[in-house]
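Listing of model_8.txt; format and content: compact mmCIF, C-alpha atoms.
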# COMPACT_ATOMS: atom_id res chain seq x y z
CA MET U 7 -23.18 -14.01 6.84
CA VAL U 8 -23.27 -11.20 4.33
CA SER U 9 -26.58 -9.37 4.00
CA PRO U 10 -28.13 -8.48 0.62
CA PHE U 11 -26.49 -5.36 -0.66
CA SER U 12 -26.79 -2.95 -3.58
CA PRO U 13 -23.50 -1.15 -4.00
CA PRO U 14 -23.83 2.59 -4.63
CA GLN U 15 -22.84 3.87 -8.02
CA PHE U 16 -19.53 5.67 -8.16
CA ALA U 17 -19.04 8.68 -10.44
CA PRO U 18 -17.98 7.95 -14.04
CA ARG U 19 -14.38 8.91 -14.84
CA GLN U 20 -14.62 11.70 -17.37
CA SER U 21 -11.39 13.73 -17.26
CA VAL U 22 -7.98 13.78 -15.62
CA PHE U 23 -8.88 17.09 -13.96
CA GLN U 24 -12.06 15.61 -12.47
CA VAL U 25 -10.21 12.55 -11.19
CA GLU U 26 -7.18 14.39 -9.76
CA GLU U 27 -8.62 17.72 -8.62
CA GLY U 28 -12.33 17.03 -8.18
CA VAL U 29 -14.46 16.09 -5.17
CA GLU U 30 -16.26 13.13 -6.74
CA LEU U 31 -15.28 9.59 -5.78
CA ALA U 32 -14.60 8.01 -9.19
CA PRO U 33 -12.46 4.97 -8.43
CA LYS U 34 -10.40 3.17 -11.06
CA PHE U 35 -10.75 -0.56 -10.54
CA ASP U 36 -8.10 -2.67 -12.27
CA ALA U 37 -8.69 -5.44 -14.80
CA ASP U 38 -9.68 -7.73 -11.91
CA GLY U 39 -12.09 -5.12 -10.51
CA LEU U 40 -9.82 -4.27 -7.58
CA LEU U 41 -8.29 -1.23 -5.85
CA ALA U 42 -5.01 -1.31 -3.88
CA ILE U 43 -5.46 -0.66 -0.16
CA VAL U 44 -3.01 0.31 2.56
CA THR U 45 -4.13 0.29 6.17
CA THR U 46 -2.30 2.16 8.91
CA ASP U 47 -2.72 2.48 12.67
CA ALA U 48 -4.49 5.81 13.19
CA ASP U 49 -2.49 6.48 16.36
CA THR U 50 1.05 5.36 15.52
CA GLY U 51 1.07 5.67 11.72
CA ALA U 52 2.47 2.14 11.41
CA VAL U 53 1.47 0.28 8.26
CA LEU U 54 -0.62 -2.66 9.42
CA MET U 55 -1.38 -4.39 6.12
CA MET U 56 -1.92 -4.03 2.42
CA GLY U 57 -4.87 -5.55 0.60
CA VAL U 58 -7.42 -5.01 -2.13
CA MET U 59 -11.09 -4.03 -2.36
CA ASN U 60 -13.65 -4.65 -5.05
CA ALA U 61 -16.59 -2.27 -5.49
CA GLU U 62 -18.69 -4.04 -2.88
CA ALA U 63 -15.88 -4.04 -0.29
CA LEU U 64 -15.36 -0.32 -0.88
CA SER U 65 -19.08 0.41 -0.62
CA ARG U 66 -19.43 -1.61 2.57
CA SER U 67 -16.36 0.04 4.11
CA ILE U 68 -17.80 3.49 3.36
CA ALA U 69 -21.29 2.62 4.58
CA THR U 70 -20.28 0.87 7.80
CA GLY U 71 -17.03 2.58 8.77
CA GLN U 72 -15.45 -0.88 9.19
CA ALA U 73 -12.79 -2.20 6.82
CA HIS U 74 -13.97 -4.74 4.25
CA TYR U 75 -11.57 -6.23 1.71
CA TRP U 76 -11.64 -8.68 -1.16
CA SER U 77 -9.81 -11.86 -0.17
CA ARG U 78 -7.73 -13.03 -3.12
CA SER U 79 -6.77 -16.29 -1.39
CA ARG U 80 -10.39 -17.16 -0.55
CA GLN U 81 -12.02 -15.28 -3.47
CA CYS U 82 -14.72 -13.73 -1.32
CA LEU U 83 -15.75 -10.53 0.44
CA TRP U 84 -13.78 -10.27 3.67
CA HIS U 85 -15.12 -8.36 6.65
CA LYS U 86 -11.83 -8.03 8.49
CA GLY U 87 -12.18 -9.28 12.06
CA ALA U 88 -15.35 -11.29 11.48
CA THR U 89 -13.46 -14.45 12.49
CA SER U 90 -10.79 -13.06 14.80
CA GLY U 91 -12.71 -10.20 16.44
CA LEU U 92 -9.98 -7.83 15.27
CA ILE U 93 -12.41 -5.41 13.56
CA GLN U 94 -10.78 -2.36 11.95
CA ASN U 95 -12.75 0.82 12.65
CA ILE U 96 -12.02 3.44 10.00
CA VAL U 97 -10.94 6.79 11.46
CA GLU U 98 -10.22 8.25 8.04
CA MET U 99 -10.34 7.02 4.44
CA ARG U 100 -8.22 8.75 1.77
CA VAL U 101 -8.13 8.26 -1.98
CA ASP U 102 -5.07 8.88 -4.14
CA ASP U 103 -4.53 11.18 -7.11
CA ASP U 104 -5.74 8.86 -9.88
CA GLN U 105 -8.19 7.09 -7.54
CA ASP U 106 -6.86 3.56 -7.93
CA ALA U 107 -5.67 3.28 -4.31
CA ILE U 108 -7.16 3.84 -0.86
CA TRP U 109 -5.47 4.62 2.47
CA LEU U 110 -7.37 3.56 5.60
CA ARG U 111 -6.42 4.96 9.01
CA VAL U 112 -7.93 2.57 11.54
CA THR U 113 -8.16 1.56 15.16
CA VAL U 114 -8.21 -2.19 15.69
CA GLN U 115 -10.48 -3.88 18.23
CA GLY U 116 -9.34 -6.63 20.61
CA SER U 117 -5.62 -7.31 20.80
CA GLY U 118 -4.96 -4.68 18.11
CA ALA U 119 -3.33 -7.09 15.70
CA SER U 120 -3.91 -7.09 11.94
CA CYS U 121 -1.60 -9.90 10.82
CA HIS U 122 -2.68 -13.53 10.53
CA VAL U 123 0.75 -14.64 11.80
CA GLY U 124 -0.11 -12.98 15.12
CA TYR U 125 1.90 -9.80 14.95
CA ARG U 126 0.41 -6.31 15.25
CA SER U 127 1.52 -5.35 11.73
CA CYS U 128 2.10 -7.60 8.74
CA PHE U 129 5.37 -5.68 8.30
CA TYR U 130 7.25 -7.12 11.28
CA ARG U 131 10.63 -7.57 9.57
CA ALA U 132 13.12 -4.95 8.36
CA VAL U 133 15.30 -5.39 5.27
CA PRO U 134 18.82 -3.90 5.54
CA VAL U 135 19.38 -1.29 2.82
CA GLY U 136 22.14 1.03 1.61
CA ASP U 137 24.76 1.62 4.27
CA ALA U 138 23.20 -1.06 6.49
CA LEU U 139 23.73 -3.69 3.79
CA THR U 140 26.22 -6.48 4.49
CA ALA U 141 27.49 -9.44 2.51
CA SER U 142 24.92 -11.76 4.07
CA PRO U 143 21.92 -9.58 4.91
CA SER U 144 19.29 -10.97 7.25
CA LEU U 145 15.83 -9.67 7.97
CA ARG U 146 15.54 -8.14 11.44
CA PHE U 147 12.37 -8.69 13.48
CA THR U 148 10.80 -5.39 14.59
CA GLU U 149 8.15 -6.92 16.88
CA ALA U 150 9.38 -8.84 19.92
CA GLU U 151 6.31 -10.98 20.44
CA LYS U 152 2.98 -11.88 18.90
CA CYS U 153 -0.30 -10.31 19.99
CA PHE U 154 -2.18 -13.59 19.70
CA ASP U 155 -1.69 -17.28 18.96
CA PRO U 156 -2.94 -17.92 15.42
CA ALA U 157 -3.66 -21.56 16.22
CA LEU U 158 -6.13 -20.51 18.91
CA VAL U 159 -7.82 -17.86 16.77
CA TYR U 160 -7.94 -19.53 13.36
CA GLY U 161 -7.82 -23.20 14.36
CA ASP U 162 -7.24 -25.36 11.32
CA ALA U 163 -8.37 -22.78 8.72
CA PRO U 164 -5.99 -22.79 5.73
CA ASN U 165 -3.04 -20.40 5.98
CA PRO U 166 -3.49 -17.68 3.32
CA THR U 167 0.26 -17.52 2.55
CA ARG U 168 1.05 -19.09 -0.82
CA LEU U 169 4.49 -20.16 -1.96
CA MET E 18 20.52 6.70 -17.72
CA VAL E 19 20.47 3.36 -16.00
CA SER E 20 23.82 1.65 -15.53
CA PRO E 21 24.37 -2.06 -16.28
CA PHE E 22 23.14 -4.08 -13.38
CA SER E 23 23.03 -7.71 -12.24
CA PRO E 24 20.24 -8.08 -9.72
CA PRO E 25 21.13 -10.20 -6.70
CA GLN E 26 19.43 -13.54 -6.31
CA PHE E 27 16.72 -13.67 -3.70
CA ALA E 28 16.20 -16.78 -1.60
CA PRO E 29 13.94 -19.48 -3.05
CA ARG E 30 10.56 -19.84 -1.33
CA GLN E 31 10.58 -23.26 0.29
CA SER E 32 8.06 -23.28 3.14
CA VAL E 33 5.42 -21.11 4.77
CA PHE E 34 7.47 -21.11 7.98
CA GLN E 35 10.57 -19.88 6.14
CA VAL E 36 8.60 -17.13 4.40
CA GLU E 37 6.64 -15.96 7.46
CA GLU E 38 9.04 -16.56 10.34
CA GLY E 39 12.47 -16.65 8.71
CA VAL E 40 15.18 -14.06 8.17
CA GLU E 41 15.72 -14.67 4.44
CA LEU E 42 14.36 -12.20 1.91
CA ALA E 43 12.34 -14.48 -0.38
CA PRO E 44 9.94 -12.13 -2.19
CA LYS E 45 6.83 -13.35 -3.98
CA PHE E 46 6.53 -11.47 -7.26
CA ASP E 47 3.08 -11.63 -8.87
CA ALA E 48 2.26 -12.90 -12.35
CA ASP E 49 3.59 -9.63 -13.79
CA GLY E 50 6.81 -9.91 -11.76
CA LEU E 51 5.81 -7.16 -9.34
CA LEU E 52 5.59 -6.49 -5.59
CA ALA E 53 3.14 -4.02 -3.99
CA ILE E 54 4.87 -1.04 -2.35
CA VAL E 55 3.65 1.52 0.16
CA THR E 56 5.83 4.51 0.95
CA THR E 57 5.39 6.61 4.08
CA ASP E 58 7.02 9.76 5.44
CA ALA E 59 9.52 8.53 8.04
CA ASP E 60 8.79 11.51 10.28
CA THR E 61 5.03 11.97 10.11
CA GLY E 62 3.89 8.45 9.18
CA ALA E 63 1.75 9.86 6.35
CA VAL E 64 1.31 7.57 3.38
CA LEU E 65 2.97 9.33 0.47
CA MET E 66 2.27 6.92 -2.38
CA MET E 67 1.68 3.34 -3.43
CA GLY E 68 3.53 1.71 -6.29
CA VAL E 69 5.14 -1.48 -7.49
CA MET E 70 8.67 -2.86 -7.83
CA ASN E 71 10.06 -5.55 -10.06
CA ALA E 72 13.15 -7.51 -9.00
CA GLU E 73 15.54 -4.92 -10.41
CA ALA E 74 13.76 -2.01 -8.68
CA LEU E 75 13.88 -3.92 -5.39
CA SER E 76 17.55 -4.74 -5.82
CA ARG E 77 18.46 -1.17 -6.70
CA SER E 78 16.44 0.20 -3.77
CA ILE E 79 18.27 -2.15 -1.39
CA ALA E 80 21.71 -1.45 -2.85
CA THR E 81 21.41 2.34 -3.08
CA GLY E 82 19.06 3.22 -0.22
CA GLN E 83 17.00 5.29 -2.67
CA ALA E 84 13.51 4.26 -3.78
CA HIS E 85 13.25 2.72 -7.23
CA TYR E 86 9.93 1.54 -8.65
CA TRP E 87 8.58 -0.06 -11.78
CA SER E 88 6.52 2.47 -13.72
CA ARG E 89 3.41 0.74 -15.06
CA SER E 90 2.38 3.78 -17.12
CA ARG E 91 5.80 4.10 -18.76
CA GLN E 92 6.80 0.41 -18.53
CA CYS E 93 10.30 1.14 -17.31
CA LEU E 94 12.49 1.23 -14.21
CA TRP E 95 11.71 4.43 -12.32
CA HIS E 96 14.31 6.05 -10.05
CA LYS E 97 11.90 8.26 -8.14
CA GLY E 98 13.08 11.88 -8.22
CA ALA E 99 15.41 11.49 -11.20
CA THR E 100 13.29 14.04 -13.10
CA SER E 101 11.85 16.12 -10.27
CA GLY E 102 14.75 16.03 -7.81
CA LEU E 103 12.37 14.62 -5.21
CA ILE E 104 14.59 11.63 -4.36
CA GLN E 105 13.23 9.32 -1.64
CA ASN E 106 15.94 8.28 0.81
CA ILE E 107 15.00 5.02 2.52
CA VAL E 108 15.17 5.23 6.33
CA GLU E 109 13.73 1.74 6.75
CA MET E 110 12.45 -1.02 4.47
CA ARG E 111 10.02 -3.62 5.81
CA VAL E 112 8.66 -6.77 4.19
CA ASP E 113 5.27 -8.29 5.00
CA ASP E 114 4.32 -11.74 6.27
CA ASP E 115 4.09 -13.56 2.93
CA GLN E 116 6.72 -11.29 1.33
CA ASP E 117 4.62 -9.95 -1.53
CA ALA E 118 4.60 -6.36 -0.24
CA ILE E 119 7.17 -3.81 0.91
CA TRP E 120 6.82 -0.79 3.19
CA LEU E 121 9.34 2.02 2.67
CA ARG E 122 9.82 4.71 5.31
CA VAL E 123 11.51 7.61 3.53
CA THR E 124 12.63 11.20 3.71
CA VAL E 125 12.06 13.15 0.51
CA GLN E 126 14.61 15.59 -0.88
CA GLY E 127 13.69 19.04 -2.22
CA SER E 128 10.16 20.28 -1.59
CA GLY E 129 9.28 16.99 0.09
CA ALA E 130 6.50 16.13 -2.33
CA SER E 131 5.88 12.64 -3.71
CA CYS E 132 2.78 13.26 -5.87
CA HIS E 133 2.92 14.19 -9.55
CA VAL E 134 -0.09 16.51 -9.03
CA GLY E 135 2.11 18.63 -6.75
CA TYR E 136 0.86 17.64 -3.33
CA ARG E 137 3.07 16.19 -0.59
CA SER E 138 1.14 12.93 -0.52
CA CYS E 139 -0.82 11.28 -3.32
CA PHE E 140 -3.56 10.82 -0.72
CA TYR E 141 -4.68 14.45 -0.45
CA ARG E 142 -8.45 13.81 -0.33
CA ALA E 143 -10.56 12.20 2.38
CA VAL E 144 -13.65 10.08 1.68
CA PRO E 145 -16.50 10.49 4.20
CA VAL E 146 -17.33 7.13 5.83
CA GLY E 147 -19.77 5.71 8.37
CA ASP E 148 -21.25 8.41 10.59
CA ALA E 149 -19.68 11.14 8.42
CA LEU E 150 -21.55 9.88 5.37
CA THR E 151 -24.23 12.17 3.91
CA ALA E 152 -26.67 11.84 1.03
CA SER E 153 -24.30 13.61 -1.35
CA PRO E 154 -20.79 12.84 -0.08
CA SER E 155 -17.90 14.93 -1.41
CA LEU E 156 -14.20 14.31 -1.12
CA ARG E 157 -12.51 16.73 1.29
CA PHE E 158 -9.05 18.11 0.46
CA THR E 159 -6.57 17.46 3.27
CA GLU E 160 -3.72 19.53 1.82
CA ALA E 161 -4.30 23.28 1.48
CA GLU E 162 -1.75 23.92 -1.23
CA LYS E 163 0.65 22.22 -3.59
CA CYS E 164 4.38 21.85 -2.85
CA PHE E 165 5.32 22.52 -6.46
CA ASP E 166 3.85 23.41 -9.85
CA PRO E 167 3.77 20.23 -11.96
CA ALA E 168 3.92 22.25 -15.19
CA LEU E 169 7.26 23.72 -14.14
CA VAL E 170 8.72 20.39 -12.99
CA TYR E 171 7.43 17.97 -15.61
CA GLY E 172 6.85 20.32 -18.54
CA ASP E 173 4.87 18.59 -21.26
CA ALA E 174 5.68 15.03 -20.16
CA PRO E 175 2.54 12.86 -20.38
CA ASN E 176 0.38 12.78 -17.25
CA PRO E 177 0.54 9.23 -15.80
CA THR E 178 -3.13 9.27 -14.74
CA ARG E 179 -5.26 7.03 -16.97
CA LEU E 180 -9.04 7.16 -17.23
Using structure tokens, write down the structure from this file.
Amino acid sequence: MVSPFSPPQFAPRQSVFQVEEGVELAPKFDADGLLAIVTTDADTGAVLMMGVMNAEALSRSIATGQAHYWSRSRQCLWHKGATSGLIQNIVEMRVDDDQDAIWLRVTVQGSGASCHVGYRSCFYRAVPVGDALTASPSLRFTEAEKCFDPALVYGDAPNPTRL
Amino acid sequence: MVSPFSPPQFAPRQSVFQVEEGVELAPKFDADGLLAIVTTDADTGAVLMMGVMNAEALSRSIATGQAHYWSRSRQCLWHKGATSGLIQNIVEMRVDDDQDAIWLRVTVQGSGASCHVGYRSCFYRAVPVGDALTASPSLRFTEAEKCFDPALVYGDAPNPTRL
């Protein structure tokens, strides 16, 4: 249940110098009203997931210190962990040079996983590159086992992966 | 100068199980033909930048072991470091669960910077969140000085930041 909410106003974008070198948060939302988000484990530095935020998700993340995203598959505000218990507590939030992307450093409650497939990170497979490349390259799993059983956590909720 | 190039064929996307649990690289390019990319420092884990790749940028990154992106501001293939010398050598490439995002762990040649503003990371400012939030929040710089002078490296090339 999402409570009534008035998102704070962000600063207007007035100059490249202001945006790149200033101390005002003046985010650049894309044509769909979204920012790109990358979320890493505050302790290990591992990338856990990538996602997007709209203005409300950004405002709620700032106000609460817990990661909120915009779910493109469900088209709704997404308080990460509300279903699974795997809340992401924000240790640090960073904004990039032109302010169209956000980096969240988080600690994850519960089993510590952030991936709906059950792994700790969504990035659980390595792609061979350069010298490691062979004629028939295969992805290599970088996590030996899952942190949780998705069937137990999500039940029969639709899988967000789209072909 | 980009040499003639025939991008390899990626696997067709046939099932959620194949995409999430398989060992075939079967990327999901968005409506614009792009994947989301996050690039981190292989040593420190710091997020250096976020970007996008089209199929050719992905293929070239895999084949050469050096990061190639699609430049949305210039609408062209972008061999990162071709102008600045700040080539990103890929230590590891990871793909995410539904294969619409890539994580690059890199080492950066030269001064080690990845940001056109001159900082090491594009994410050189922190946003106060949760308990750290005050009535008039200001971004806090997390890098004390620039790695290079953009004017010397890029000359009068157009700044990619858009308002």
Please indicate the distance in Å from atom CA of U:Ala138 to atom CA of E:Gln126, rounded to one decimal place.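 About the pair atom CA of U:Ala138 and atom CA of E:Gln126: they are 20.1 Å apart.
Each of E:Asp148, E:Asp58, E:Glu37, E:Glu73 was checked against E:Ile107 using all atoms listed in the file; the smallest atom-to-atom distance is that of E:Asp58.
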Write out the coordinates of chain U as an mmCIF file with C-alpha atoms, in the frame of the given file after a least-squares overlay onto chain E built on all ordered Cα pairs.
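New file out.cif:
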data_model
loop_
_atom_site.group_PDB
_atom_site.id
_atom_site.type_symbol
_atom_site.label_atom_id
_atom_site.label_comp_id
_atom_site.auth_asym_id
_atom_site.auth_seq_id
_atom_site.Cartn_x
_atom_site.Cartn_y
_atom_site.Cartn_z
ATOM 1 C CA MET U 7 20.623 6.750 -17.594
ATOM 2 C CA VAL U 8 20.516 3.374 -15.920
ATOM 3 C CA SER U 9 23.864 1.653 -15.432
ATOM 4 C CA PRO U 10 24.426 -2.048 -16.212
ATOM 5 C CA PHE U 11 23.170 -4.081 -13.322
ATOM 6 C CA SER U 12 23.043 -7.708 -12.203
ATOM 7 C CA PRO U 13 20.249 -8.099 -9.697
ATOM 8 C CA PRO U 14 21.152 -10.215 -6.663
ATOM 9 C CA GLN U 15 19.443 -13.540 -6.300
ATOM 10 C CA PHE U 16 16.719 -13.678 -3.697
ATOM 11 C CA ALA U 17 16.189 -16.804 -1.589
ATOM 12 C CA PRO U 18 13.923 -19.505 -3.066
ATOM 13 C CA ARG U 19 10.545 -19.837 -1.335
ATOM 14 C CA GLN U 20 10.566 -23.254 0.267
ATOM 15 C CA SER U 21 8.042 -23.276 3.131
ATOM 16 C CA VAL U 22 5.412 -21.108 4.775
ATOM 17 C CA PHE U 23 7.469 -21.128 7.982
ATOM 18 C CA GLN U 24 10.565 -19.885 6.141
ATOM 19 C CA VAL U 25 8.605 -17.136 4.401
ATOM 20 C CA GLU U 26 6.641 -15.946 7.457
ATOM 21 C CA GLU U 27 9.039 -16.553 10.345
ATOM 22 C CA GLY U 28 12.464 -16.673 8.705
ATOM 23 C CA VAL U 29 15.180 -14.063 8.165
ATOM 24 C CA GLU U 30 15.724 -14.674 4.450
ATOM 25 C CA LEU U 31 14.366 -12.205 1.905
ATOM 26 C CA ALA U 32 12.331 -14.480 -0.390
ATOM 27 C CA PRO U 33 9.943 -12.143 -2.188
ATOM 28 C CA LYS U 34 6.829 -13.342 -3.994
ATOM 29 C CA PHE U 35 6.523 -11.473 -7.268
ATOM 30 C CA ASP U 36 3.080 -11.620 -8.877
ATOM 31 C CA ALA U 37 2.243 -12.907 -12.351
ATOM 32 C CA ASP U 38 3.580 -9.627 -13.777
ATOM 33 C CA GLY U 39 6.804 -9.922 -11.753
ATOM 34 C CA LEU U 40 5.803 -7.161 -9.337
ATOM 35 C CA LEU U 41 5.577 -6.496 -5.584
ATOM 36 C CA ALA U 42 3.143 -4.010 -3.991
ATOM 37 C CA ILE U 43 4.865 -1.040 -2.355
ATOM 38 C CA VAL U 44 3.658 1.525 0.157
ATOM 39 C CA THR U 45 5.823 4.520 0.949
ATOM 40 C CA THR U 46 5.387 6.614 4.076
ATOM 41 C CA ASP U 47 7.024 9.757 5.440
ATOM 42 C CA ALA U 48 9.532 8.526 8.025
ATOM 43 C CA ASP U 49 8.819 11.516 10.272
ATOM 44 C CA THR U 50 5.042 11.960 10.114
ATOM 45 C CA GLY U 51 3.896 8.447 9.174
ATOM 46 C CA ALA U 52 1.753 9.866 6.361
ATOM 47 C CA VAL U 53 1.295 7.578 3.372
ATOM 48 C CA LEU U 54 2.968 9.336 0.463
ATOM 49 C CA MET U 55 2.268 6.913 -2.383
ATOM 50 C CA MET U 56 1.683 3.351 -3.422
ATOM 51 C CA GLY U 57 3.518 1.703 -6.292
ATOM 52 C CA VAL U 58 5.136 -1.490 -7.490
ATOM 53 C CA MET U 59 8.668 -2.862 -7.842
ATOM 54 C CA ASN U 60 10.061 -5.562 -10.066
ATOM 55 C CA ALA U 61 13.149 -7.522 -9.006
ATOM 56 C CA GLU U 62 15.536 -4.934 -10.406
ATOM 57 C CA ALA U 63 13.748 -2.024 -8.690
ATOM 58 C CA LEU U 64 13.872 -3.916 -5.394
ATOM 59 C CA SER U 65 17.552 -4.762 -5.827
ATOM 60 C CA ARG U 66 18.447 -1.186 -6.715
ATOM 61 C CA SER U 67 16.441 0.187 -3.781
ATOM 62 C CA ILE U 68 18.271 -2.156 -1.393
ATOM 63 C CA ALA U 69 21.698 -1.461 -2.874
ATOM 64 C CA THR U 70 21.403 2.323 -3.084
ATOM 65 C CA GLY U 71 19.063 3.200 -0.223
ATOM 66 C CA GLN U 72 16.998 5.282 -2.682
ATOM 67 C CA ALA U 73 13.512 4.252 -3.787
ATOM 68 C CA HIS U 74 13.257 2.713 -7.254
ATOM 69 C CA TYR U 75 9.922 1.544 -8.648
ATOM 70 C CA TRP U 76 8.566 -0.063 -11.782
ATOM 71 C CA SER U 77 6.507 2.470 -13.728
ATOM 72 C CA ARG U 78 3.408 0.739 -15.069
ATOM 73 C CA SER U 79 2.370 3.780 -17.122
ATOM 74 C CA ARG U 80 5.799 4.108 -18.766
ATOM 75 C CA GLN U 81 6.790 0.409 -18.539
ATOM 76 C CA CYS U 82 10.293 1.143 -17.311
ATOM 77 C CA LEU U 83 12.478 1.228 -14.211
ATOM 78 C CA TRP U 84 11.724 4.428 -12.320
ATOM 79 C CA HIS U 85 14.306 6.048 -10.076
ATOM 80 C CA LYS U 86 11.909 8.259 -8.155
ATOM 81 C CA GLY U 87 13.088 11.869 -8.233
ATOM 82 C CA ALA U 88 15.412 11.476 -11.211
ATOM 83 C CA THR U 89 13.309 14.031 -13.114
ATOM 84 C CA SER U 90 11.858 16.110 -10.290
ATOM 85 C CA GLY U 91 14.757 16.034 -7.811
ATOM 86 C CA LEU U 92 12.367 14.628 -5.213
ATOM 87 C CA ILE U 93 14.594 11.626 -4.366
ATOM 88 C CA GLN U 94 13.228 9.324 -1.648
ATOM 89 C CA ASN U 95 15.946 8.271 0.799
ATOM 90 C CA ILE U 96 14.996 5.020 2.515
ATOM 91 C CA VAL U 97 15.166 5.225 6.317
ATOM 92 C CA GLU U 98 13.737 1.744 6.746
ATOM 93 C CA MET U 99 12.456 -1.010 4.451
ATOM 94 C CA ARG U 100 10.024 -3.631 5.803
ATOM 95 C CA VAL U 101 8.660 -6.768 4.187
ATOM 96 C CA ASP U 102 5.282 -8.294 5.007
ATOM 97 C CA ASP U 103 4.338 -11.745 6.275
ATOM 98 C CA ASP U 104 4.096 -13.556 2.932
ATOM 99 C CA GLN U 105 6.721 -11.283 1.334
ATOM 100 C CA ASP U 106 4.618 -9.950 -1.526
ATOM 101 C CA ALA U 107 4.594 -6.353 -0.238
ATOM 102 C CA ILE U 108 7.174 -3.809 0.905
ATOM 103 C CA TRP U 109 6.822 -0.786 3.204
ATOM 104 C CA LEU U 110 9.337 2.028 2.668
ATOM 105 C CA ARG U 111 9.826 4.720 5.314
ATOM 106 C CA VAL U 112 11.509 7.607 3.519
ATOM 107 C CA THR U 113 12.644 11.193 3.710
ATOM 108 C CA VAL U 114 12.060 13.142 0.515
ATOM 109 C CA GLN U 115 14.599 15.600 -0.890
ATOM 110 C CA GLY U 116 13.706 19.058 -2.222
ATOM 111 C CA SER U 117 10.179 20.285 -1.599
ATOM 112 C CA GLY U 118 9.283 16.980 0.092
ATOM 113 C CA ALA U 119 6.506 16.128 -2.324
ATOM 114 C CA SER U 120 5.862 12.646 -3.717
ATOM 115 C CA CYS U 121 2.776 13.250 -5.861
ATOM 116 C CA HIS U 122 2.913 14.201 -9.536
ATOM 117 C CA VAL U 123 -0.098 16.502 -9.040
ATOM 118 C CA GLY U 124 2.093 18.627 -6.760
ATOM 119 C CA TYR U 125 0.855 17.641 -3.343
ATOM 120 C CA ARG U 126 3.069 16.209 -0.597
ATOM 121 C CA SER U 127 1.141 12.920 -0.524
ATOM 122 C CA CYS U 128 -0.812 11.264 -3.313
ATOM 123 C CA PHE U 129 -3.568 10.803 -0.713
ATOM 124 C CA TYR U 130 -4.678 14.434 -0.449
ATOM 125 C CA ARG U 131 -8.439 13.802 -0.339
ATOM 126 C CA ALA U 132 -10.566 12.210 2.394
ATOM 127 C CA VAL U 133 -13.647 10.086 1.692
ATOM 128 C CA PRO U 134 -16.503 10.483 4.215
ATOM 129 C CA VAL U 135 -17.320 7.137 5.847
ATOM 130 C CA GLY U 136 -19.761 5.722 8.397
ATOM 131 C CA ASP U 137 -21.225 8.419 10.603
ATOM 132 C CA ALA U 138 -19.654 11.134 8.434
ATOM 133 C CA LEU U 139 -21.551 9.877 5.383
ATOM 134 C CA THR U 140 -24.228 12.136 3.899
ATOM 135 C CA ALA U 141 -26.654 11.810 1.017
ATOM 136 C CA SER U 142 -24.279 13.579 -1.361
ATOM 137 C CA PRO U 143 -20.776 12.829 -0.086
ATOM 138 C CA SER U 144 -17.903 14.913 -1.401
ATOM 139 C CA LEU U 145 -14.199 14.307 -1.096
ATOM 140 C CA ARG U 146 -12.516 16.739 1.297
ATOM 141 C CA PHE U 147 -9.059 18.107 0.466
ATOM 142 C CA THR U 148 -6.557 17.458 3.277
ATOM 143 C CA GLU U 149 -3.711 19.548 1.815
ATOM 144 C CA ALA U 150 -4.303 23.285 1.465
ATOM 145 C CA GLU U 151 -1.754 23.947 -1.244
ATOM 146 C CA LYS U 152 0.653 22.223 -3.590
ATOM 147 C CA CYS U 153 4.364 21.879 -2.867
ATOM 148 C CA PHE U 154 5.316 22.522 -6.481
ATOM 149 C CA ASP U 155 3.846 23.427 -9.861
ATOM 150 C CA PRO U 156 3.756 20.254 -11.964
ATOM 151 C CA ALA U 157 3.900 22.259 -15.184
ATOM 152 C CA LEU U 158 7.253 23.722 -14.157
ATOM 153 C CA VAL U 159 8.708 20.402 -13.010
ATOM 154 C CA TYR U 160 7.394 17.992 -15.637
ATOM 155 C CA GLY U 161 6.817 20.366 -18.555
ATOM 156 C CA ASP U 162 4.867 18.630 -21.280
ATOM 157 C CA ALA U 163 5.645 15.045 -20.168
ATOM 158 C CA PRO U 164 2.502 12.883 -20.391
ATOM 159 C CA ASN U 165 0.358 12.784 -17.249
ATOM 160 C CA PRO U 166 0.518 9.234 -15.817
ATOM 161 C CA THR U 167 -3.160 9.278 -14.744
ATOM 162 C CA ARG U 168 -5.282 7.057 -16.982
ATOM 163 C CA LEU U 169 -9.051 7.192 -17.224
#
Which residues of chain E sit at most 6 Å from chain U, using only C-alpha atoms? Give each one's shortest atom pair and distance in Å (one decimal place), in chain and ascending residue order, as a tab-separated table.
residue	atom	partner	partner_atom	distance
E:Val40	CA	U:Leu145	CA	4.4
E:Glu41	CA	U:Ser144	CA	5.9
E:Gly62	CA	U:Gly51	CA	4.7
E:Ile79	CA	U:Val135	CA	4.4
E:Ala80	CA	U:Gly136	CA	5.1
E:Thr81	CA	U:Gly136	CA	4.9
E:Gly82	CA	U:Gly136	CA	4.2
E:Met110	CA	U:Val133	CA	5.3
E:Arg111	CA	U:Ala132	CA	4.2
E:Val112	CA	U:Phe129	CA	5.4
E:Asp113	CA	U:Phe129	CA	4.2
E:Asp114	CA	U:Cys128	CA	5.3
E:Asp115	CA	U:Thr167	CA	5.5
E:Cys139	CA	U:Asp102	CA	4.9
E:Phe140	CA	U:Asp102	CA	4.2
E:Arg142	CA	U:Arg100	CA	5.5
E:Ala143	CA	U:Arg100	CA	4.2
E:Val144	CA	U:Met99	CA	5.3
E:Val146	CA	U:Ile68	CA	4.4
E:Gly147	CA	U:Gly71	CA	4.2
E:Ser155	CA	U:Val29	CA	5.2
E:Leu156	CA	U:Val29	CA	4.4
E:Thr178	CA	U:Asp104	CA	5.5
In Å, rounded to a single decimal, give me how far atom CA of U:Leu83 is from atom CA of U:Arg126.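 About the pair atom CA of U:Arg126 and atom CA of U:Leu83: they are 22.3 Å apart.
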